[in-house]
Amino acid sequence: MKTNHQSSTIVIGAGLSGLATARVLSERGVRVEVLEAAQNIAEPWRGRHPALRLNIHRKFAALPGQKAPITDGVYLKRDTVVQYLEDYAKHLNAPIHFGAEVTNLRRTAAGWQVTTPLRVFHAENVVVATGRESRPYIPAWPGRDGFEGELIHASALGDVSRFNGKHVFVVGAGNSGSDVLNHLSRHHPKEVTVSVRHGPAVVPQRIFGFPLHRLARVFAALPAWVLDPAFRLTERLFLGDLRQYGLFSHPDGGGTRLLRDGVTFAIDDGFVAALKAGKSYIAPSVTKFDGARVYTADGMYETPDVVIAATGYRSGLEPLVGDLGVLCENGQPHHPMGEADPENPGLWFTGYKPIFTGYFDAAGISAKQIASSIVANAAATGSSDVARAQNTDQSTTLADANPH
């Protein structure tokens with residue numbers, strides 16, 4: 001293993017947030033390298049189901065320095081997102097090392113040491129950008145491993161047409177659950193059961209043809225005490241009283257849950273109509289599995305062909321930084337969006353906080369904040385490495401090193 005590879009800034013992860021941060025840093029003259037565990041750009045996106053579209057408006061689906069394509073209309077398709085990220089990476093003025101899964105991160109006298117199978121890197125700054133949704137999460141329900149049907153996470157949905165004629169049991173009706181249900185509503189499953197624990201905040205994708213997410217900047221500017229009743233009223237006016245179909249809302253409003261807990265809205269694009277038409281129905285939370293049976297909190301059970309767990313994700317950061325005191329109880333960073341951590345200078349996190357405008361926009365906001373802080377810190381401390389990068393044209397040397 002090679003060692004003693006020095007850099008000003010290491011970015012861990014070549015997803016939305018990692019690429020955006022690397023781009024802004026390099027444009028400000030900071031020498032940066034990107035470490036990516038996968039062998040390709042946009043690997044998680046490639047694994048999502050082929051009919052996937054973003055539920056954020058195209059206006060907010062761009063990273064710094066590159067506009068979103070207009071070929072798909074308002075909501076970008078999965079393959080368009082993959083191509084966009086590939087193009088973005090190709091124009092990045094910084095090297096990306098693929099197959100470089102970080103196995104250890106520790107503080108040193110000079111900054112940070114980052115260990116990968118390729119080599120050990122040393123840097124003054126490390127930006128962790130592995131993503132809030134890095135690890136699909138399925139609860140450890142009793143009897144889960146002995147389930148006789150098919151159990152998958154929503155991230156592994158695949159071609160939805162394969163569920164035609166089957167009894168599908170969806171656990172969760174939040175953002176990812178509603179996405180699954182929207183796609184199922186356009187196919188022909190035999191039966192769809194939706195297990196709900198707390199109840200989602202549901203909003204229509206469009207109102208009189210107008211994409212609701214186009215107003216995300218307005219939502220972001222309003223306090224939760226205004227947003228919560230406004231979203232409840234929107235749900236009631238345009239979707240009706242969903243309680244009569246068994247779909248209750250969480251007592252805390254959608255704005256509060258997003259800002260406080262990072263729980264995003266359920267976007268209706270067909271699943272509410274399917275619920276009203278009796279093509280799907282609501283069940284309580286899952287309590288256990290027993291052979292082919294799935295039991296719910298009311299003591300009833302069903303025997304579905306497939307269970308789709310739309311049960312969220314985990315960051316998976318504990319093995320990497322769990323001993324640094326930087327994580328909340330839920331495994332997310334205390335400083336999730338490019339804020340400085342006075343207890344861990346030179347360590348940054350980006351891509352771990354949902355905002356109304358979405359993860360693309362959040363990536364750009366965090367990238368600019370991190371870059372400004374790193375440059376300012378370098379100027380204040382006289383950091384030789386960053387100072388040289390500030391005063392030297394890096395475009396030729398970094399382009400030569402770029403594996404793309």
# chains A, B, ... in the order shown; residues from 1 in each chain; ligands from 1
call {"tool": "select_by_dssp", "arguments": {"residues": "segment 29-161 of chain A", "states": "alpha helix (DSSP H)", "output": "list of chain:residue names"}}
result
A:Glu43, A:Pro44, A:Trp45, A:Arg46, A:Arg78, A:Asp79, A:Thr80, A:Val81, A:Val82, A:Gln83, A:Tyr84, A:Leu85, A:Glu86, A:Asp87, A:Tyr88, A:Ala89, A:Lys90
call {"tool": "atom_distance", "arguments": {"atom1": "atom CA of Ile12 of chain A", "atom2": "atom CA of Glu101 of chain A"}}
result
8.5 Å
call {"tool": "closest_atom_pairs", "arguments": {"of": "segment 305-355 of chain A", "to": "segment 184-191 of chain A", "cutoff": "12 Å", "atoms": "only C-alpha atoms", "output": "tab-separated table"}}
result
residue	atom	partner	partner_atom	distance
A:Asp305	CA	A:Glu191	CA	9.9
A:Val306	CA	A:Pro189	CA	10.7
A:Val307	CA	A:Glu191	CA	11.9
A:Ile308	CA	A:Leu184	CA	11.4
call {"tool": "residues_around", "arguments": {"residues": "Glu235 of chain A", "least_positions_apart": "6", "cutoff": "9 Å", "atoms": "only C-alpha atoms", "output": "PDB file with N, CA and C atoms, in the first residue's frame"}}
result
ATOM      1  N   ALA A 201     -47.214  13.159   5.717  1.00  0.00           N
ATOM      2  CA  ALA A 201     -47.768  14.422   5.227  1.00  0.00           C
ATOM      3  C   ALA A 201     -47.789  14.307   3.709  1.00  0.00           C
ATOM      4  N   VAL A 202     -48.972  14.314   3.125  1.00  0.00           N
ATOM      5  CA  VAL A 202     -49.134  14.069   1.696  1.00  0.00           C
ATOM      6  C   VAL A 202     -49.419  15.382   0.972  1.00  0.00           C
ATOM      7  N   VAL A 203     -48.728  15.599  -0.138  1.00  0.00           N
ATOM      8  CA  VAL A 203     -49.009  16.758  -0.986  1.00  0.00           C
ATOM      9  C   VAL A 203     -49.114  16.288  -2.431  1.00  0.00           C
ATOM     10  N   PRO A 204     -49.960  16.939  -3.225  1.00  0.00           N
ATOM     11  CA  PRO A 204     -50.050  16.567  -4.645  1.00  0.00           C
ATOM     12  C   PRO A 204     -48.814  17.028  -5.394  1.00  0.00           C
ATOM     13  N   ASP A 241     -60.304  14.202   2.418  1.00  0.00           N
ATOM     14  CA  ASP A 241     -60.067  13.700   3.773  1.00  0.00           C
ATOM     15  C   ASP A 241     -59.607  12.255   3.681  1.00  0.00           C
ATOM     16  N   LEU A 242     -58.309  12.039   3.766  1.00  0.00           N
ATOM     17  CA  LEU A 242     -57.747  10.694   3.585  1.00  0.00           C
ATOM     18  C   LEU A 242     -57.972   9.812   4.808  1.00  0.00           C
TER      19      LEU A 242
END
call {"tool": "closest_residue", "arguments": {"among": "A:Pro200, A:Pro50, A:Pro229, A:Gly146", "to": "Gly291 of chain A", "atoms": "only C-alpha atoms"}}
result
A:Gly146
call {"tool": "closest_residue", "arguments": {"among": "A:Ala100, A:Ile267, A:Ala230, A:Leu19", "to": "Gly253 of chain A", "atoms": "only C-alpha atoms"}}
result
A:Ala230
call {"tool": "closest_residue", "arguments": {"among": "A:Asp179, A:Asn125, A:Leu54, A:Ala37", "to": "Asp269 of chain A", "atoms": "only C-alpha atoms"}}
result
A:Asp179
call {"tool": "residues_around", "arguments": {"residues": "Val128 of chain A", "least_positions_apart": "4", "cutoff": "10 Å", "atoms": "only C-alpha atoms", "output": "short mmCIF file (atom, residue, chain, number, x, y, z; two decimals) with N, CA and C atoms, in the first residue's frame"}}
result
data_model
loop_
_atom_site.label_atom_id
_atom_site.label_comp_id
_atom_site.auth_asym_id
_atom_site.auth_seq_id
_atom_site.Cartn_x
_atom_site.Cartn_y
_atom_site.Cartn_z
N ILE A 10 -9.42 16.23 0.91
CA ILE A 10 -9.94 14.96 0.42
C ILE A 10 -11.45 14.98 0.55
N VAL A 11 -12.14 14.64 -0.52
CA VAL A 11 -13.59 14.51 -0.49
C VAL A 11 -13.92 13.03 -0.55
N ILE A 12 -14.66 12.53 0.42
CA ILE A 12 -15.04 11.12 0.47
C ILE A 12 -16.44 10.99 -0.10
N GLY A 13 -16.54 10.42 -1.28
CA GLY A 13 -17.82 10.24 -1.94
C GLY A 13 -17.95 11.08 -3.19
N SER A 17 -23.22 15.61 -3.50
CA SER A 17 -22.56 16.55 -2.60
C SER A 17 -21.05 16.53 -2.77
N GLY A 18 -20.48 15.35 -2.95
CA GLY A 18 -19.04 15.25 -3.13
C GLY A 18 -18.56 15.93 -4.40
N LEU A 35 -12.41 10.52 -3.35
CA LEU A 35 -12.34 9.08 -3.14
C LEU A 35 -13.74 8.50 -3.26
N LEU A 317 -22.30 5.97 9.05
CA LEU A 317 -21.09 6.72 9.39
C LEU A 317 -20.40 6.23 10.67
N LEU A 320 -16.84 4.83 10.63
CA LEU A 320 -15.82 5.77 10.14
C LEU A 320 -15.53 6.89 11.13
N VAL A 321 -16.57 7.47 11.71
CA VAL A 321 -16.37 8.66 12.57
C VAL A 321 -17.09 8.55 13.91
N PRO A 333 -24.78 13.47 11.19
CA PRO A 333 -23.82 14.43 11.76
C PRO A 333 -24.49 15.59 12.49
N PRO A 336 -24.51 18.86 9.55
CA PRO A 336 -24.77 18.06 8.35
C PRO A 336 -24.63 18.77 7.02
N GLY A 338 -22.22 21.40 5.88
CA GLY A 338 -21.07 22.24 5.63
C GLY A 338 -20.71 23.20 6.73
N LEU A 347 -12.64 18.89 9.46
CA LEU A 347 -13.56 17.81 9.13
C LEU A 347 -14.92 18.41 8.82
N TRP A 348 -15.45 18.06 7.65
CA TRP A 348 -16.70 18.65 7.17
C TRP A 348 -17.65 17.54 6.72
N PHE A 349 -18.94 17.84 6.79
CA PHE A 349 -19.96 16.91 6.31
C PHE A 349 -20.90 17.65 5.36
N THR A 350 -21.31 16.96 4.32
CA THR A 350 -22.27 17.55 3.37
C THR A 350 -23.14 16.45 2.78
N GLY A 351 -24.43 16.77 2.59
CA GLY A 351 -25.36 15.82 2.01
C GLY A 351 -26.18 15.06 3.02
N TYR A 352 -26.28 15.59 4.23
CA TYR A 352 -26.96 14.85 5.30
C TYR A 352 -28.19 15.58 5.84
#
call {"tool": "closest_residue", "arguments": {"among": "A:Ser8, A:Gly47, A:Phe147, A:Gly255", "to": "Ala110 of chain A", "atoms": "only C-alpha atoms"}}
result
A:Ser8
call {"tool": "select_by_dssp", "arguments": {"residues": "segment 122-295 of chain A", "states": "strand (DSSP E)", "output": "ChimeraX atom specification"}}
result
/A:122-128,135-136,150-153,167-171,191-195,202-204,206-207,210-211,266-268,280-283,286-290,293-295
call {"tool": "write_last_selection", "arguments": {"atoms": "N, CA and C atoms", "output": "CSV table (one decimal), in the first residue's frame"}}
result
chain,number,residue,atom,x,y,z
A,122,HIS,N,-3.1,11.8,3.1
A,122,HIS,CA,-3.0,12.8,4.2
A,122,HIS,C,-3.5,14.2,3.7
A,123,ALA,N,-4.3,14.8,4.4
A,123,ALA,CA,-4.9,16.1,4.0
A,123,ALA,C,-5.2,17.0,5.2
A,124,GLU,N,-5.2,18.3,4.9
A,124,GLU,CA,-5.5,19.3,5.9
A,124,GLU,C,-7.0,19.3,6.2
A,125,ASN,N,-7.8,19.0,5.2
A,125,ASN,CA,-9.2,18.9,5.3
A,125,ASN,C,-9.8,17.7,4.7
A,126,VAL,N,-10.8,17.2,5.3
A,126,VAL,CA,-11.6,16.0,4.8
A,126,VAL,C,-13.1,16.4,4.8
A,127,VAL,N,-13.7,16.2,3.6
A,127,VAL,CA,-15.1,16.4,3.5
A,127,VAL,C,-15.8,15.0,3.3
A,128,VAL,N,-16.7,14.7,4.3
A,128,VAL,CA,-17.4,13.4,4.2
A,128,VAL,C,-18.7,13.6,3.5
A,135,ARG,N,-27.1,3.6,3.4
A,135,ARG,CA,-27.4,2.2,3.7
A,135,ARG,C,-28.9,2.0,3.8
A,136,PRO,N,-29.5,1.3,2.8
A,136,PRO,CA,-30.9,0.9,3.0
A,136,PRO,C,-31.2,0.2,4.3
A,150,GLU,N,-41.1,-12.8,-1.0
A,150,GLU,CA,-40.0,-12.0,-1.4
A,150,GLU,C,-40.0,-10.7,-0.5
A,151,LEU,N,-38.8,-10.4,0.1
A,151,LEU,CA,-38.7,-9.2,0.9
A,151,LEU,C,-37.6,-8.3,0.3
A,152,ILE,N,-37.9,-7.1,-0.1
A,152,ILE,CA,-36.9,-6.2,-0.7
A,152,ILE,C,-37.0,-4.8,-0.1
A,153,HIS,N,-36.0,-4.1,-0.2
A,153,HIS,CA,-36.0,-2.6,0.2
A,153,HIS,C,-36.5,-1.8,-1.0
A,167,HIS,N,-49.8,-10.0,-4.9
A,167,HIS,CA,-50.2,-9.3,-3.7
A,167,HIS,C,-49.0,-8.6,-3.1
A,168,VAL,N,-49.0,-7.3,-3.1
A,168,VAL,CA,-47.8,-6.5,-2.7
A,168,VAL,C,-48.1,-5.8,-1.4
A,169,PHE,N,-47.2,-6.0,-0.5
A,169,PHE,CA,-47.3,-5.4,0.9
A,169,PHE,C,-46.2,-4.3,1.0
A,170,VAL,N,-46.6,-3.0,1.0
A,170,VAL,CA,-45.6,-1.9,1.1
A,170,VAL,C,-45.6,-1.4,2.6
A,171,VAL,N,-44.4,-1.4,3.1
A,171,VAL,CA,-44.3,-1.0,4.5
A,171,VAL,C,-43.7,0.5,4.5
A,191,GLU,N,-53.3,-7.0,-5.6
A,191,GLU,CA,-53.7,-6.3,-4.3
A,191,GLU,C,-52.5,-5.6,-3.8
A,192,VAL,N,-52.8,-4.4,-3.2
A,192,VAL,CA,-51.7,-3.6,-2.6
A,192,VAL,C,-52.1,-3.2,-1.1
A,193,THR,N,-51.3,-3.6,-0.2
A,193,THR,CA,-51.6,-3.2,1.2
A,193,THR,C,-50.5,-2.3,1.6
A,194,VAL,N,-50.8,-1.2,2.3
A,194,VAL,CA,-49.8,-0.2,2.8
A,194,VAL,C,-49.8,-0.2,4.3
A,195,SER,N,-48.7,-0.6,4.9
A,195,SER,CA,-48.6,-0.6,6.3
A,195,SER,C,-48.0,0.8,6.7
A,202,VAL,N,-49.0,14.3,3.1
A,202,VAL,CA,-49.1,14.1,1.7
A,202,VAL,C,-49.4,15.4,1.0
A,203,VAL,N,-48.7,15.6,-0.1
A,203,VAL,CA,-49.0,16.8,-1.0
A,203,VAL,C,-49.1,16.3,-2.4
A,204,PRO,N,-50.0,16.9,-3.2
A,204,PRO,CA,-50.0,16.6,-4.6
A,204,PRO,C,-48.8,17.0,-5.4
A,206,ARG,N,-48.8,18.1,-8.5
A,206,ARG,CA,-49.2,19.3,-9.2
A,206,ARG,C,-50.6,19.8,-8.7
A,207,ILE,N,-50.8,21.1,-8.8
A,207,ILE,CA,-52.1,21.7,-8.5
A,207,ILE,C,-52.5,22.4,-9.7
A,210,PHE,N,-49.8,22.8,-12.2
A,210,PHE,CA,-48.7,23.6,-11.7
A,210,PHE,C,-47.8,22.7,-10.8
A,211,PRO,N,-46.5,22.5,-11.1
A,211,PRO,CA,-45.7,21.7,-10.2
A,211,PRO,C,-45.5,22.3,-8.8
A,266,ALA,N,-44.7,12.9,1.5
A,266,ALA,CA,-45.2,11.9,0.5
A,266,ALA,C,-45.8,12.7,-0.7
A,267,ILE,N,-45.3,12.4,-1.9
A,267,ILE,CA,-45.7,13.1,-3.1
A,267,ILE,C,-46.7,12.3,-3.8
A,268,ASP,N,-48.0,12.7,-3.9
A,268,ASP,CA,-49.0,11.9,-4.6
A,268,ASP,C,-48.9,12.2,-6.1
A,280,SER,N,-55.9,-0.2,-3.3
A,280,SER,CA,-55.0,-0.5,-2.2
A,280,SER,C,-55.7,0.0,-0.9
A,281,TYR,N,-55.2,-0.6,0.2
A,281,TYR,CA,-55.8,-0.2,1.5
A,281,TYR,C,-54.7,-0.1,2.5
A,282,ILE,N,-55.1,0.6,3.6
A,282,ILE,CA,-54.1,0.8,4.7
A,282,ILE,C,-54.2,-0.2,5.8
A,283,ALA,N,-53.1,-0.6,6.3
A,283,ALA,CA,-53.0,-1.5,7.5
A,283,ALA,C,-52.1,-0.9,8.5
A,286,VAL,N,-46.3,-3.2,11.0
A,286,VAL,CA,-45.9,-4.6,11.0
A,286,VAL,C,-45.3,-4.9,12.4
A,287,THR,N,-45.7,-6.1,12.9
A,287,THR,CA,-45.2,-6.5,14.2
A,287,THR,C,-44.3,-7.7,14.1
A,288,LYS,N,-44.6,-8.6,13.1
A,288,LYS,CA,-43.7,-9.8,13.0
A,288,LYS,C,-44.1,-10.5,11.7
A,289,PHE,N,-43.2,-11.5,11.3
A,289,PHE,CA,-43.4,-12.4,10.2
A,289,PHE,C,-43.5,-13.8,10.7
A,290,ASP,N,-44.2,-14.6,10.1
A,290,ASP,CA,-44.3,-16.0,10.5
A,290,ASP,C,-44.6,-16.9,9.3
A,293,ARG,N,-46.8,-15.5,6.5
A,293,ARG,CA,-47.7,-14.5,7.0
A,293,ARG,C,-46.9,-13.2,7.5
A,294,VAL,N,-47.6,-12.1,7.3
A,294,VAL,CA,-47.1,-10.8,7.9
A,294,VAL,C,-48.2,-10.3,8.8
A,295,TYR,N,-47.8,-10.2,10.1
A,295,TYR,CA,-48.8,-9.7,11.1
A,295,TYR,C,-48.6,-8.2,11.3
call {"tool": "closest_residue", "arguments": {"among": "A:Arg31, A:Leu258, A:Thr108, A:Ala378", "to": "Ala94 of chain A", "atoms": "only C-alpha atoms"}}
result
A:Arg31
call {"tool": "residues_around", "arguments": {"residues": "Pro139 of chain A", "least_positions_apart": "4", "cutoff": "10 Å", "atoms": "only C-alpha atoms", "output": "list of chain:residue names"}}
result
A:Arg144, A:Val286, A:Ala309, A:Thr311, A:Gly312
call {"tool": "atom_distance", "arguments": {"atom1": "atom CA of Phe231 of chain A", "atom2": "atom CA of Asn55 of chain A"}}
result
16.8 Å
